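Structure file upload-v4.cif with mmCIF, C-alpha atoms and all ligand atoms:
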```
data_target
#
loop_
_atom_site.label_atom_id
_atom_site.label_comp_id
_atom_site.auth_asym_id
_atom_site.auth_seq_id
_atom_site.Cartn_x
_atom_site.Cartn_y
_atom_site.Cartn_z
CA MET A 1 13.31 28.85 2.94
CA SER A 2 16.47 29.41 0.92
CA ILE A 3 18.58 26.45 -0.14
CA LEU A 4 22.29 26.46 -0.91
CA LEU A 5 23.50 23.55 -3.04
CA LYS A 6 27.17 23.44 -2.21
CA GLY A 7 30.16 21.90 -3.91
CA GLY A 8 28.44 19.81 -6.58
CA ARG A 9 29.61 19.39 -10.16
CA VAL A 10 27.20 21.63 -12.04
CA VAL A 11 26.53 20.70 -15.66
CA ASP A 12 24.52 23.10 -17.80
CA PRO A 13 24.96 22.50 -21.53
CA SER A 14 22.88 25.57 -22.38
CA ARG A 15 25.94 27.67 -21.57
CA ASN A 16 28.75 25.15 -21.67
CA LEU A 17 29.07 25.04 -17.91
CA ASP A 18 30.70 22.00 -16.31
CA GLY A 19 32.46 22.66 -13.03
CA VAL A 20 32.18 22.75 -9.27
CA LYS A 21 29.80 25.57 -8.30
CA ASP A 22 27.42 26.61 -5.56
CA ILE A 23 23.80 27.35 -6.38
CA LEU A 24 21.66 29.56 -4.17
CA ILE A 25 17.89 29.13 -4.39
CA GLU A 26 15.59 31.81 -3.03
CA GLU A 27 11.82 31.99 -3.33
CA GLY A 28 11.76 29.11 -5.78
CA LYS A 29 14.19 30.76 -8.18
CA ILE A 30 17.88 30.35 -8.86
CA ALA A 31 19.26 33.43 -7.09
CA ALA A 32 22.93 32.94 -7.90
CA ILE A 33 25.49 30.49 -9.25
CA ALA A 34 29.05 31.11 -8.13
CA ASP A 35 32.32 29.34 -7.39
CA SER A 36 31.69 29.53 -3.68
CA MET A 37 29.01 31.04 -1.48
CA ASP A 38 28.37 30.80 2.23
CA ASP A 39 25.26 31.20 4.29
CA THR A 40 25.60 34.34 6.33
CA THR A 41 22.00 34.48 7.50
CA GLY A 42 21.88 31.14 9.28
CA GLU A 43 18.47 30.66 7.72
CA THR A 44 19.52 28.81 4.62
CA ARG A 45 19.38 25.05 4.26
CA VAL A 46 22.86 24.09 3.12
CA VAL A 47 23.12 20.83 1.16
CA HIS A 48 26.65 19.52 0.74
CA LEU A 49 27.07 17.87 -2.65
CA GLU A 50 30.75 17.12 -2.99
CA GLY A 51 31.17 14.33 -5.55
CA LYS A 52 27.54 14.69 -6.69
CA VAL A 53 26.24 16.10 -9.97
CA VAL A 54 23.75 18.96 -10.33
CA LEU A 55 21.75 19.36 -13.55
CA PRO A 56 18.95 21.44 -14.96
CA GLY A 57 15.88 19.31 -14.18
CA LEU A 58 15.38 16.53 -16.72
CA VAL A 59 12.59 17.00 -19.27
CA ASP A 60 10.76 13.99 -20.68
CA MET A 61 8.89 14.91 -23.83
CA HIS A 62 7.24 11.47 -24.18
CA THR A 63 5.41 10.09 -21.15
CA HIS A 64 2.15 8.17 -20.87
CA LEU A 65 0.22 9.09 -17.73
CA ARG A 66 -2.96 7.05 -18.45
CA GLU A 67 -5.32 9.48 -16.72
CA PRO A 68 -8.14 9.98 -17.56
CA GLY A 69 -9.42 6.49 -18.24
CA TYR A 70 -6.72 4.01 -17.28
CA GLU A 71 -5.99 5.03 -13.71
CA TYR A 72 -5.29 1.41 -12.80
CA LYS A 73 -2.14 1.64 -14.97
CA GLU A 74 -0.97 5.09 -13.84
CA THR A 75 -2.43 8.34 -12.59
CA ILE A 76 -1.24 11.88 -13.03
CA ARG A 77 -0.14 11.68 -9.40
CA SER A 78 1.71 8.33 -9.56
CA GLY A 79 3.30 9.30 -12.88
CA SER A 80 4.39 12.65 -11.46
CA GLU A 81 5.89 10.91 -8.44
CA ALA A 82 7.73 8.49 -10.72
CA ALA A 83 9.00 11.40 -12.80
CA ALA A 84 10.34 13.18 -9.72
CA ALA A 85 12.00 9.96 -8.53
CA GLY A 86 13.61 9.62 -11.97
CA GLY A 87 15.00 13.16 -11.85
CA PHE A 88 12.44 14.69 -14.20
CA THR A 89 11.06 18.11 -13.38
CA SER A 90 8.94 18.41 -16.53
CA ILE A 91 7.07 15.80 -18.51
CA ALA A 92 4.92 15.99 -21.62
CA CYS A 93 2.09 13.45 -21.57
CA MET A 94 0.72 11.70 -24.62
CA PRO A 95 -2.98 11.88 -25.51
CA ASN A 96 -3.87 8.17 -25.75
CA THR A 97 -6.05 8.27 -22.66
CA ASP A 98 -9.79 7.54 -22.47
CA PRO A 99 -11.20 9.87 -23.60
CA VAL A 100 -8.34 10.71 -25.92
CA ASN A 101 -6.97 14.18 -25.22
CA ASP A 102 -8.49 15.74 -28.33
CA SER A 103 -10.46 18.45 -26.53
CA ARG A 104 -10.06 21.50 -24.40
CA ALA A 105 -11.89 19.70 -21.59
CA VAL A 106 -9.35 16.87 -21.34
CA THR A 107 -6.34 19.17 -21.71
CA GLU A 108 -7.72 21.44 -19.00
CA TYR A 109 -8.42 18.45 -16.78
CA ILE A 110 -4.82 17.25 -17.04
CA VAL A 111 -3.44 20.71 -16.32
CA LYS A 112 -5.76 21.11 -13.32
CA ARG A 113 -5.02 17.66 -11.90
CA ALA A 114 -1.27 18.14 -12.32
CA GLY A 115 -1.58 21.46 -10.51
CA GLU A 116 -3.35 19.74 -7.61
CA CYS A 117 -0.61 17.12 -7.43
CA ASN A 118 1.91 19.98 -7.44
CA LEU A 119 4.96 17.82 -8.07
CA VAL A 120 6.49 18.19 -11.54
CA HIS A 121 5.44 20.37 -14.46
CA VAL A 122 3.06 18.38 -16.67
CA TYR A 123 2.56 19.54 -20.25
CA PRO A 124 -0.21 17.86 -22.24
CA VAL A 125 0.44 16.74 -25.80
CA ALA A 126 -2.94 16.85 -27.53
CA ALA A 127 -4.19 14.59 -30.30
CA ILE A 128 -3.69 15.43 -33.97
CA SER A 129 -7.03 13.93 -34.92
CA LEU A 130 -10.31 13.40 -33.09
CA ARG A 131 -10.08 10.20 -31.01
CA SER A 132 -6.71 9.75 -32.79
CA GLU A 133 -8.69 8.05 -35.54
CA GLY A 134 -6.87 9.86 -38.32
CA ARG A 135 -10.03 11.30 -39.91
CA THR A 136 -10.75 14.81 -38.58
CA LEU A 137 -8.23 17.29 -37.24
CA ALA A 138 -8.62 18.29 -33.61
CA GLU A 139 -9.11 21.98 -32.73
CA PHE A 140 -5.45 22.91 -32.42
CA GLY A 141 -6.11 26.55 -31.49
CA ASP A 142 -8.41 25.60 -28.61
CA LEU A 143 -6.01 22.93 -27.44
CA LYS A 144 -3.07 25.31 -27.44
CA GLU A 145 -5.07 27.83 -25.43
CA ALA A 146 -5.94 25.10 -22.92
CA GLY A 147 -2.25 24.24 -22.46
CA ALA A 148 -1.22 21.75 -25.15
CA VAL A 149 2.45 22.08 -26.13
CA ALA A 150 2.51 19.74 -29.15
CA PHE A 151 0.28 17.39 -31.17
CA SER A 152 0.57 13.64 -31.62
CA ASP A 153 -1.59 10.60 -32.27
CA ASP A 154 1.07 8.54 -30.50
CA GLY A 155 0.30 4.84 -30.55
CA LYS A 156 -1.33 5.27 -33.97
CA PRO A 157 -0.07 6.62 -37.27
CA VAL A 158 -1.84 9.35 -39.23
CA VAL A 159 -2.39 7.28 -42.35
CA ASP A 160 -3.99 10.05 -44.43
CA SER A 161 -1.15 12.11 -45.94
CA GLY A 162 -3.44 15.02 -46.70
CA LEU A 163 -4.53 15.18 -43.10
CA MET A 164 -0.92 15.06 -41.92
CA ARG A 165 -0.05 17.89 -44.29
CA ARG A 166 -2.83 20.04 -42.85
CA ALA A 167 -1.82 19.10 -39.31
CA LEU A 168 1.74 20.28 -40.01
CA GLU A 169 0.54 23.54 -41.55
CA TYR A 170 -1.95 24.26 -38.79
CA ALA A 171 0.47 23.39 -35.95
CA SER A 172 3.22 25.42 -37.56
CA SER A 173 0.98 28.50 -37.74
CA LEU A 174 0.57 28.14 -33.97
CA GLY A 175 4.29 27.62 -33.44
CA LEU A 176 3.83 24.05 -32.15
CA VAL A 177 5.51 20.85 -33.25
CA ILE A 178 3.90 17.68 -34.62
CA ILE A 179 5.14 14.40 -33.11
CA PRO A 180 4.16 11.54 -35.43
CA HIS A 181 3.97 7.88 -34.52
CA CYS A 182 5.63 6.49 -37.63
CA GLU A 183 4.23 3.06 -38.44
CA ASP A 184 2.79 1.82 -41.71
CA LEU A 185 0.09 -0.51 -40.43
CA SER A 186 -0.09 -2.44 -43.69
CA LEU A 187 3.52 -3.49 -43.05
CA SER A 188 3.35 -4.00 -39.28
CA ALA A 189 -0.09 -5.64 -39.03
CA GLY A 190 -0.08 -8.79 -36.94
CA GLY A 191 3.57 -8.38 -35.97
CA LEU A 192 4.69 -9.04 -32.42
CA MET A 193 8.43 -8.34 -32.56
CA ASN A 194 11.15 -7.12 -34.91
CA GLU A 195 11.15 -8.97 -38.23
CA GLY A 196 14.47 -10.71 -38.67
CA ARG A 197 16.48 -13.77 -37.89
CA ILE A 198 15.22 -14.05 -34.30
CA SER A 199 11.53 -13.71 -35.23
CA THR A 200 12.04 -16.44 -37.82
CA GLU A 201 13.74 -18.70 -35.27
CA LEU A 202 11.02 -18.08 -32.70
CA GLY A 203 8.21 -18.38 -35.21
CA LEU A 204 6.72 -15.05 -34.19
CA PRO A 205 5.24 -12.71 -36.81
CA GLY A 206 7.56 -9.77 -37.41
CA ILE A 207 7.33 -5.99 -37.68
CA PRO A 208 9.87 -4.92 -40.30
CA THR A 209 11.94 -1.76 -39.78
CA LEU A 210 10.39 -0.79 -43.10
CA ALA A 211 7.07 -0.14 -41.33
CA GLU A 212 8.72 2.70 -39.43
CA GLU A 213 10.91 3.92 -42.26
CA VAL A 214 8.19 4.23 -44.92
CA MET A 215 6.24 6.54 -42.65
CA ILE A 216 9.27 8.57 -41.63
CA ALA A 217 10.12 9.05 -45.30
CA ARG A 218 6.63 10.39 -45.95
CA ASP A 219 6.65 12.68 -42.95
CA LEU A 220 10.07 14.07 -43.86
CA LEU A 221 8.73 14.88 -47.32
CA LEU A 222 5.73 16.61 -45.78
CA ALA A 223 7.95 18.58 -43.39
CA GLU A 224 10.16 19.63 -46.28
CA TYR A 225 7.19 20.68 -48.39
CA THR A 226 5.39 22.59 -45.65
CA GLY A 227 8.45 23.88 -43.79
CA ALA A 228 6.68 22.86 -40.57
CA ALA A 229 8.55 21.51 -37.53
CA LEU A 230 8.40 17.74 -37.13
CA HIS A 231 9.69 15.73 -34.17
CA ILE A 232 10.02 12.00 -34.86
CA SER A 233 9.21 9.91 -31.82
CA HIS A 234 10.74 6.61 -30.67
CA VAL A 235 13.26 6.05 -33.47
CA SER A 236 14.33 2.39 -33.44
CA SER A 237 16.05 1.51 -36.72
CA ALA A 238 19.26 2.17 -38.63
CA GLY A 239 17.32 3.19 -41.74
CA SER A 240 15.37 5.77 -39.75
CA VAL A 241 18.56 7.27 -38.34
CA ARG A 242 20.04 7.45 -41.84
CA MET A 243 17.01 9.21 -43.31
CA ILE A 244 16.81 11.72 -40.46
CA ARG A 245 20.52 12.42 -40.77
CA ASN A 246 20.14 13.11 -44.49
CA ALA A 247 17.03 15.23 -43.94
CA LYS A 248 18.85 17.37 -41.39
CA ALA A 249 21.77 17.81 -43.77
CA ARG A 250 19.30 19.11 -46.36
CA GLY A 251 17.86 21.63 -43.90
CA ILE A 252 14.50 19.97 -43.25
CA PRO A 253 13.13 21.20 -39.87
CA VAL A 254 13.20 17.82 -38.16
CA THR A 255 14.25 16.70 -34.69
CA ALA A 256 14.12 13.17 -33.33
CA GLU A 257 14.16 11.09 -30.19
CA THR A 258 14.93 7.56 -29.16
CA ALA A 259 14.38 5.80 -25.84
CA PRO A 260 16.82 3.99 -23.53
CA HIS A 261 15.53 0.53 -24.45
CA TYR A 262 16.49 1.05 -28.10
CA PHE A 263 20.12 1.86 -27.34
CA THR A 264 20.36 -0.78 -24.59
CA LEU A 265 18.50 -3.91 -25.74
CA THR A 266 18.03 -5.92 -28.92
CA ASP A 267 15.52 -8.47 -30.20
CA GLU A 268 17.76 -11.22 -28.77
CA ALA A 269 15.98 -10.43 -25.49
CA LEU A 270 12.71 -11.84 -26.88
CA ARG A 271 13.96 -15.43 -26.78
CA ASP A 272 12.25 -16.05 -23.45
CA PHE A 273 8.92 -14.70 -24.71
CA ASP A 274 8.90 -12.33 -21.73
CA PRO A 275 6.27 -9.64 -22.38
CA SER A 276 8.23 -7.02 -20.43
CA PHE A 277 10.37 -6.78 -23.58
CA LYS A 278 7.34 -6.19 -25.80
CA VAL A 279 7.22 -2.62 -27.01
CA ASN A 280 6.17 -0.72 -30.10
CA PRO A 281 8.24 -0.05 -32.15
CA PRO A 282 9.90 -3.32 -31.20
CA LEU A 283 13.46 -3.89 -29.97
CA ARG A 284 15.54 -4.24 -33.12
CA SER A 285 18.75 -5.98 -34.26
CA PRO A 286 22.27 -5.29 -32.95
CA LEU A 287 22.98 -3.34 -36.15
CA ASP A 288 20.00 -1.08 -35.47
CA ARG A 289 21.09 -0.55 -31.90
CA LYS A 290 24.56 0.38 -33.12
CA ALA A 291 23.08 2.92 -35.53
CA ILE A 292 20.89 4.41 -32.79
CA ARG A 293 23.98 4.87 -30.64
CA GLU A 294 25.83 6.47 -33.53
CA GLY A 295 22.83 8.73 -34.18
CA LEU A 296 22.96 9.86 -30.57
CA ARG A 297 26.68 10.45 -30.83
CA ASP A 298 26.60 12.51 -34.01
CA GLY A 299 23.54 14.55 -33.02
CA THR A 300 21.06 13.05 -35.50
CA LEU A 301 19.00 12.02 -32.47
CA ASP A 302 18.44 15.18 -30.44
CA VAL A 303 16.53 13.73 -27.52
CA ILE A 304 16.41 10.75 -25.19
CA ALA A 305 12.79 10.38 -24.12
CA THR A 306 11.42 7.63 -21.92
CA ASP A 307 8.26 6.62 -23.82
CA HIS A 308 7.21 5.70 -20.28
CA ALA A 309 4.34 3.28 -20.99
CA PRO A 310 3.10 1.89 -17.67
CA HIS A 311 0.83 -1.16 -17.76
CA ALA A 312 -0.86 -3.21 -15.06
CA ALA A 313 0.22 -6.81 -14.40
CA THR A 314 -3.11 -7.97 -15.83
CA ASP A 315 -2.20 -6.34 -19.19
CA LYS A 316 1.36 -7.64 -19.26
CA GLU A 317 1.50 -11.00 -17.52
CA VAL A 318 -0.38 -12.89 -20.22
CA GLU A 319 0.70 -14.83 -23.31
CA PHE A 320 3.15 -12.80 -25.40
CA GLU A 321 0.65 -12.39 -28.21
CA TYR A 322 -1.94 -10.77 -25.95
CA ALA A 323 0.37 -8.68 -23.79
CA ALA A 324 0.21 -4.88 -24.01
CA SER A 325 3.20 -3.10 -25.56
CA GLY A 326 5.27 -0.70 -23.55
CA ILE A 327 7.99 -0.21 -20.97
CA SER A 328 7.75 1.71 -17.71
CA GLY A 329 10.76 3.97 -18.10
CA LEU A 330 10.77 7.08 -15.92
CA GLU A 331 12.70 5.55 -13.03
CA THR A 332 15.49 3.95 -15.06
CA ALA A 333 16.05 6.48 -17.88
CA LEU A 334 18.85 8.52 -16.34
CA ALA A 335 20.90 5.55 -15.10
CA LEU A 336 20.54 3.69 -18.42
CA SER A 337 21.51 6.83 -20.32
CA LEU A 338 24.55 7.40 -18.13
CA ARG A 339 25.92 4.16 -19.58
CA LEU A 340 26.41 6.10 -22.83
CA VAL A 341 28.72 8.43 -20.93
CA ASP A 342 30.54 5.48 -19.34
CA ASP A 343 30.95 3.96 -22.79
CA GLY A 344 32.57 7.18 -24.02
CA LEU A 345 29.82 7.79 -26.57
CA LEU A 346 28.58 11.09 -25.09
CA THR A 347 29.97 13.57 -22.61
CA LEU A 348 27.80 14.19 -19.57
CA SER A 349 27.02 17.63 -20.96
CA GLU A 350 25.86 16.14 -24.27
CA LEU A 351 23.66 13.71 -22.38
CA VAL A 352 22.04 16.49 -20.35
CA ARG A 353 21.42 18.37 -23.57
CA LYS A 354 19.44 15.38 -24.86
CA MET A 355 17.51 14.84 -21.62
CA SER A 356 16.82 18.45 -20.66
CA THR A 357 17.95 21.33 -22.86
CA ASN A 358 16.84 19.98 -26.26
CA PRO A 359 13.39 18.67 -25.26
CA ALA A 360 12.62 21.98 -23.51
CA LYS A 361 13.68 23.85 -26.64
CA ILE A 362 11.69 21.63 -29.03
CA LEU A 363 8.51 21.99 -26.96
CA ASN A 364 9.25 25.65 -26.29
CA ILE A 365 8.70 25.20 -22.56
CA PRO A 366 10.72 26.60 -19.66
CA GLY A 367 13.64 24.57 -18.32
CA GLY A 368 16.70 22.89 -19.74
CA ALA A 369 19.06 25.47 -18.26
CA LEU A 370 20.29 26.72 -14.90
CA LEU A 371 19.89 30.45 -15.21
CA PRO A 372 19.79 33.02 -12.42
CA GLY A 373 16.23 34.32 -12.19
CA ALA A 374 14.67 31.15 -13.63
CA ASP A 375 12.61 28.62 -11.66
CA ALA A 376 14.87 26.35 -9.61
CA ASP A 377 14.08 23.09 -11.44
CA ILE A 378 17.11 21.02 -10.55
CA THR A 379 18.19 17.36 -10.46
CA VAL A 380 20.97 16.04 -8.25
CA PHE A 381 22.42 12.57 -8.71
CA ASP A 382 25.23 10.48 -7.30
CA PRO A 383 27.33 9.26 -10.23
CA ASP A 384 29.04 6.55 -8.21
CA ARG A 385 26.11 4.96 -6.46
CA SER A 386 25.03 1.59 -7.84
CA TRP A 387 21.53 0.27 -7.29
CA ILE A 388 19.45 -2.70 -8.28
CA VAL A 389 16.36 -2.13 -10.39
CA ASP A 390 13.33 -3.25 -8.40
CA PRO A 391 10.10 -1.98 -9.93
CA LEU A 392 8.13 -3.23 -6.92
CA SER A 393 9.63 -0.33 -4.97
CA TRP A 394 8.81 2.23 -7.67
CA ARG A 395 6.49 5.21 -7.50
CA SER A 396 5.08 4.31 -10.89
CA LYS A 397 2.18 1.88 -10.90
CA GLY A 398 3.75 0.37 -14.02
CA LYS A 399 6.08 -2.39 -12.84
CA ASN A 400 6.66 -3.48 -16.43
CA SER A 401 10.40 -3.12 -16.77
CA PRO A 402 12.74 -5.33 -18.80
CA PHE A 403 15.54 -4.13 -16.53
CA PHE A 404 14.25 -5.92 -13.42
CA GLY A 405 17.26 -7.02 -11.36
CA TRP A 406 19.84 -5.06 -13.37
CA THR A 407 22.54 -3.23 -11.45
CA LEU A 408 22.75 0.37 -12.66
CA LYS A 409 25.11 3.15 -11.70
CA GLY A 410 23.99 6.72 -11.07
CA LYS A 411 21.21 7.36 -8.56
CA VAL A 412 18.93 10.37 -8.37
CA LEU A 413 19.30 11.90 -4.90
CA MET A 414 17.13 14.95 -5.09
CA THR A 415 14.69 16.59 -7.46
CA LEU A 416 13.65 20.20 -6.99
CA VAL A 417 10.77 21.90 -8.76
CA LYS A 418 10.50 25.65 -8.29
CA GLY A 419 12.97 25.32 -5.44
CA ARG A 420 10.85 22.75 -3.59
CA VAL A 421 12.17 19.26 -2.94
CA VAL A 422 9.71 16.93 -4.69
CA TYR A 423 11.90 13.85 -4.36
CA SER A 424 14.68 13.04 -1.99
CA GLU A 425 16.61 9.81 -1.55
CA ASP A 426 17.15 9.09 2.11
O1 LIG B 501 4.87 0.31 -26.77
C1 LIG B 501 4.13 1.28 -26.87
N1 LIG B 501 3.28 1.61 -25.87
N2 LIG B 501 4.14 2.00 -28.00
C2 LIG B 501 3.23 2.97 -28.24
O2 LIG B 501 3.30 3.59 -29.28
C3 LIG B 501 2.18 3.26 -27.26
C4 LIG B 501 2.57 2.84 -25.91
C5 LIG B 501 1.45 2.79 -24.92
O3 LIG B 501 0.64 3.74 -24.87
O4 LIG B 501 1.37 1.83 -24.15
ZN ZN B 502 4.51 6.58 -26.69
#
```
Translate the structure of the given file into structure tokens.
Amino acid sequence: MSILLKGGRVVDPSRNLDGVKDILIEEGKIAAIADSMDDTTGETRVVHLEGKVVLPGLVDMHTHLREPGYEYKETIRSGSEAAAAGGFTSIACMPNTDPVNDSRAVTEYIVKRAGECNLVHVYPVAAISLRSEGRTLAEFGDLKEAGAVAFSDDGKPVVDSGLMRRALEYASSLGLVIIPHCEDLSLSAGGLMNEGRISTELGLPGIPTLAEEVMIARDLLLAEYTGAALHISHVSSAGSVRMIRNAKARGIPVTAETAPHYFTLTDEALRDFDPSFKVNPPLRSPLDRKAIREGLRDGTLDVIATDHAPHAATDKEVEFEYAASGISGLETALALSLRLVDDGLLTLSELVRKMSTNPAKILNIPGGALLPGADADITVFDPDRSWIVDPLSWRSKGKNSPFFGWTLKGKVLMTLVKGRVVYSED
């Protein structure tokens, strides 16, 4: 059935479009975008969207789906449902499953399972090294053939610089990006939260920003030397933003992401020892948060990714020291990011670029634009609707959100993938 999205504010940064338009969807594709269209056949579903916003479907390049191996935390199905509810039409899933996605078999399994779920596009990110142990490179060529769109040992750093150099060279020859988890374990070991005044006051062992920055410095040098594309994940500190800004100015092929919790929260939130605020890298100081926001504003940080890290209550609701790190983020990312627009830091178009156009471009996957002839992957949200964060009502199995009870503005109303409604608020 054809669908006509009528009267919404259509924002497509890929071609500087921001205005009231109608979008006609036929056979899963965008058939036309025009100032005004009417259904003459009587067979089109007309959706009136006055006062609502229509975007190219959001793309999350950093999601943890937990399947295979940790289905009690999240499955490909529950994660896909959460993505659709959050307005995401494409997600890239990290390889720290069990087994780790370091083989054609696991990559193919994820692609097949996602196809059976038939909700959002799921793109596997495969491991850089076997079992993500940092010793032996995975078979990048095989993994690409099976469907991998990037390589990462997310959750663990590649300590061996020689191995990282070869990973960059090998990935670059295949046209794929490396996404490092930048953490010098000799500096972060034993740490539970950001190292600073608050960790001292609380008596908790700290993780210095230096742990992240030392590794970013190394990886920027390797990217410069090899000329290979590098995408820095979950940037959390002012020093990291500064180094990436300088690297970009010098022409190093680097892109970078941060996540909503890093531009929203600080380590002050740890005072109650609530494990829902425990994440790696940790929430940093107000100065770091300010720098992250400035990095988003000036374009140093290209992408807002969720780092959706769902955990079960049994992993999280334990003493702080033993609690798993991570925040379930798919269902709050858009509303938290819209606060940047409210604050005047980004235009809506710039925000959509960071949550759709840029991640699609970096991973070289379809999406990120509303183009006639392309798949109708579209997100519709109500910019004025406020809602209260209640993870118990979420699609994600991961109820681990530090935003429990917050009132947020901007609610996803409808998510379409290939012209099919995969989520609808009713
Ligand atoms: O907090 C985190 N959780 N950081 C990571 O790097 C991994 C992630 C996870 O998989 O839970
Ligand atoms: Zn991650």
Write out, as a Markdown table, each residue of chain A that has an atom at most 8 Å from ligand LIG 501 (chain B), together with the closest pair of atoms and their distance in Å to one decimal, counting only C-alpha atoms and all ligand atoms, rows going by chain and rising number.
```
| residue | atom | partner | partner_atom | distance |
| --- | --- | --- | --- | --- |
| A:His64 | CA | B:LIG501 | O3 | 6.2 |
| A:Met94 | CA | B:LIG501 | O3 | 8.0 |
| A:Asn96 | CA | B:LIG501 | O3 | 6.4 |
| A:Asp154 | CA | B:LIG501 | O2 | 5.6 |
| A:Gly155 | CA | B:LIG501 | O2 | 3.5 |
| A:Lys156 | CA | B:LIG501 | O2 | 6.8 |
| A:His181 | CA | B:LIG501 | O2 | 6.8 |
| A:Lys278 | CA | B:LIG501 | O1 | 7.0 |
| A:Val279 | CA | B:LIG501 | O1 | 3.8 |
| A:Asn280 | CA | B:LIG501 | O1 | 3.7 |
| A:Pro281 | CA | B:LIG501 | N2 | 6.2 |
| A:Pro282 | CA | B:LIG501 | O1 | 7.6 |
| A:Asp307 | CA | B:LIG501 | C4 | 7.1 |
| A:His308 | CA | B:LIG501 | C4 | 7.8 |
| A:Ala309 | CA | B:LIG501 | O4 | 4.6 |
| A:Pro310 | CA | B:LIG501 | O4 | 6.7 |
| A:His311 | CA | B:LIG501 | O4 | 7.1 |
| A:Ala324 | CA | B:LIG501 | O4 | 6.8 |
| A:Ser325 | CA | B:LIG501 | O1 | 4.0 |
| A:Gly326 | CA | B:LIG501 | O1 | 3.4 |
| A:Ile327 | CA | B:LIG501 | O1 | 6.6 |
```
Item to check | Non-local contacts of region 7-20 of chain A (12 Å; all atoms listed in the file; under 3 positions in same chain excluded) as a PyMOL selection string | outcome: chain A and resi 4+23-24+33-38+46-58+347-358+360-361+367-371+378-383
Within 12 Å of region 286-305 of chain A: each region 44-78 of chain A residue with its shortest pair, only C-alpha atoms, as CSV:
```
residue,atom,partner,partner_atom,distance
A:Leu58,CA,A:Ala305,CA,10.0
A:Val59,CA,A:Ala305,CA,8.2
A:Asp60,CA,A:Ala305,CA,5.4
A:Met61,CA,A:Ala305,CA,6.0
A:His62,CA,A:Ala305,CA,5.7
A:Thr63,CA,A:Ala305,CA,8.0
A:His64,CA,A:Ala305,CA,11.3
```
Those same residues, written as a short mmCIF file (atom, residue, chain, number, x, y, z; two decimals), keeping the file's coordinate frame with C-alpha atoms?
```cif
data_model
loop_
_atom_site.label_atom_id
_atom_site.label_comp_id
_atom_site.auth_asym_id
_atom_site.auth_seq_id
_atom_site.Cartn_x
_atom_site.Cartn_y
_atom_site.Cartn_z
CA LEU A 58 15.38 16.53 -16.72
CA VAL A 59 12.59 17.00 -19.27
CA ASP A 60 10.76 13.99 -20.68
CA MET A 61 8.89 14.91 -23.83
CA HIS A 62 7.24 11.47 -24.18
CA THR A 63 5.41 10.09 -21.15
CA HIS A 64 2.15 8.17 -20.87
#
```
Next on the checklist: I want to know what sits within 6 Å of Arg284 (chain A), based on only C-alpha atoms, with residues of the same chain fewer than 3 positions away left out; could you give that as JSON, numbers by chain?
Outcome noted: {"A": [194, 266, 267, 288]}
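With CA of Thr41 (chain A) on one side and CA of Met414 (chain A) on the other, the separation reads 23.7 Å.
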Item to check | Ile30 (chain A) surroundings by all atoms listed in the file, 7 Å radius, close-in-sequence under 5 positions cut, as a list in words | outcome: Leu24, Ile25, Leu371, Pro372, Gly373, Ala374, Asp375 and Ala376 of chain A
Next on the checklist: So that I can check the surroundings of Thr332 (chain A), please list as JSON, numbers by chain every protein, DNA and RNA residue that reaches within 12 Å of it, counting only C-alpha atoms and ignoring chain neighbours fewer than 6 positions away.
Outcome noted: {"A": [82, 83, 84, 85, 86, 87, 88, 259, 260, 261, 264, 305, 306, 307, 308, 338, 339, 387, 388, 389, 390, 391, 394, 395, 396, 399, 400, 401, 402, 403, 404, 405, 406, 407, 408, 409, 410, 411, 412]}
Next on the checklist: Residues within 9 Å of region 111-128 of chain A, please, as a PyMOL selection string. Count all atoms listed in the file; anything in the same chain fewer than 3 positions from it doesn't count.
Outcome noted: chain A and resi 61-62+76-77+80-81+83-84+88-96+100-103+106-108+131-132+134+136-140+143-144+146-154+158+164+167+178-180+365+416-417+420-423
Item to check | Selected residue of minimal separation from Pro359 (chain A) among A:Gly206, A:Thr314, A:Val177, A:Glu212, counting only C-alpha atoms | outcome: A:Val177
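Distance annotation: of A:Ala249, A:Leu363, A:Leu270, A:Leu413, the residue with the minimal separation from Glu201 (chain A) is A:Leu270; atom set is all atoms listed in the file.
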Next on the checklist: Nearest residue to ligand ZN 502 (chain B) out of A:Glu321, A:Glu257, A:Asp160, A:Asp426, using all atoms listed in the file?
Outcome noted: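 Using all atoms listed in the file, ligand ZN 502 (chain B) sits closest to A:Glu257.
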Next on the checklist: Calculated over only C-alpha atoms, which of the candidates A:Asp377, A:Leu340, A:Asp219, A:Leu185 has the smallest distance to Gly419 (chain A)?
Outcome noted: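 For Gly419 (chain A), the nearest of the candidates is A:Asp377.
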Checklist entry - In Å, with one decimal, what is the gap from CA of Pro208 (chain A) to CA of Met193 (chain A)? => result 8.6 Å
Item to check | Residue among A:Leu5, A:Ala229, A:Ala189, A:Leu222 lying closest to Lys21 (chain A), counting only C-alpha atoms | outcome: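 Of all the options, A:Leu5 lies closest to Lys21 (chain A).
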Produce the centre coordinates and the three edge lengths, each in Å to one decimal, of the box along x, y and z that contains all listed atoms of region 290-302 of chain A with 8 Å added on each side, as lines of an AutoDock Vina configuration file.
```
center_x = 22.6
center_y = 7.8
center_z = -33.0
size_x = 24.2
size_y = 30.8
size_z = 21.1
```
Next on the checklist: Restricting the calculation to all atoms listed in the file: of A:Leu168, A:Val341, A:Ile3, A:Leu65, which residue gets closest to Gly329 (chain A)?
Outcome noted: A:Leu65
Checklist entry - At what distance in Å, to one decimal, does CA of Thr97 (chain A) lie from CA of Ser188 (chain A)? => result 22.7 Å
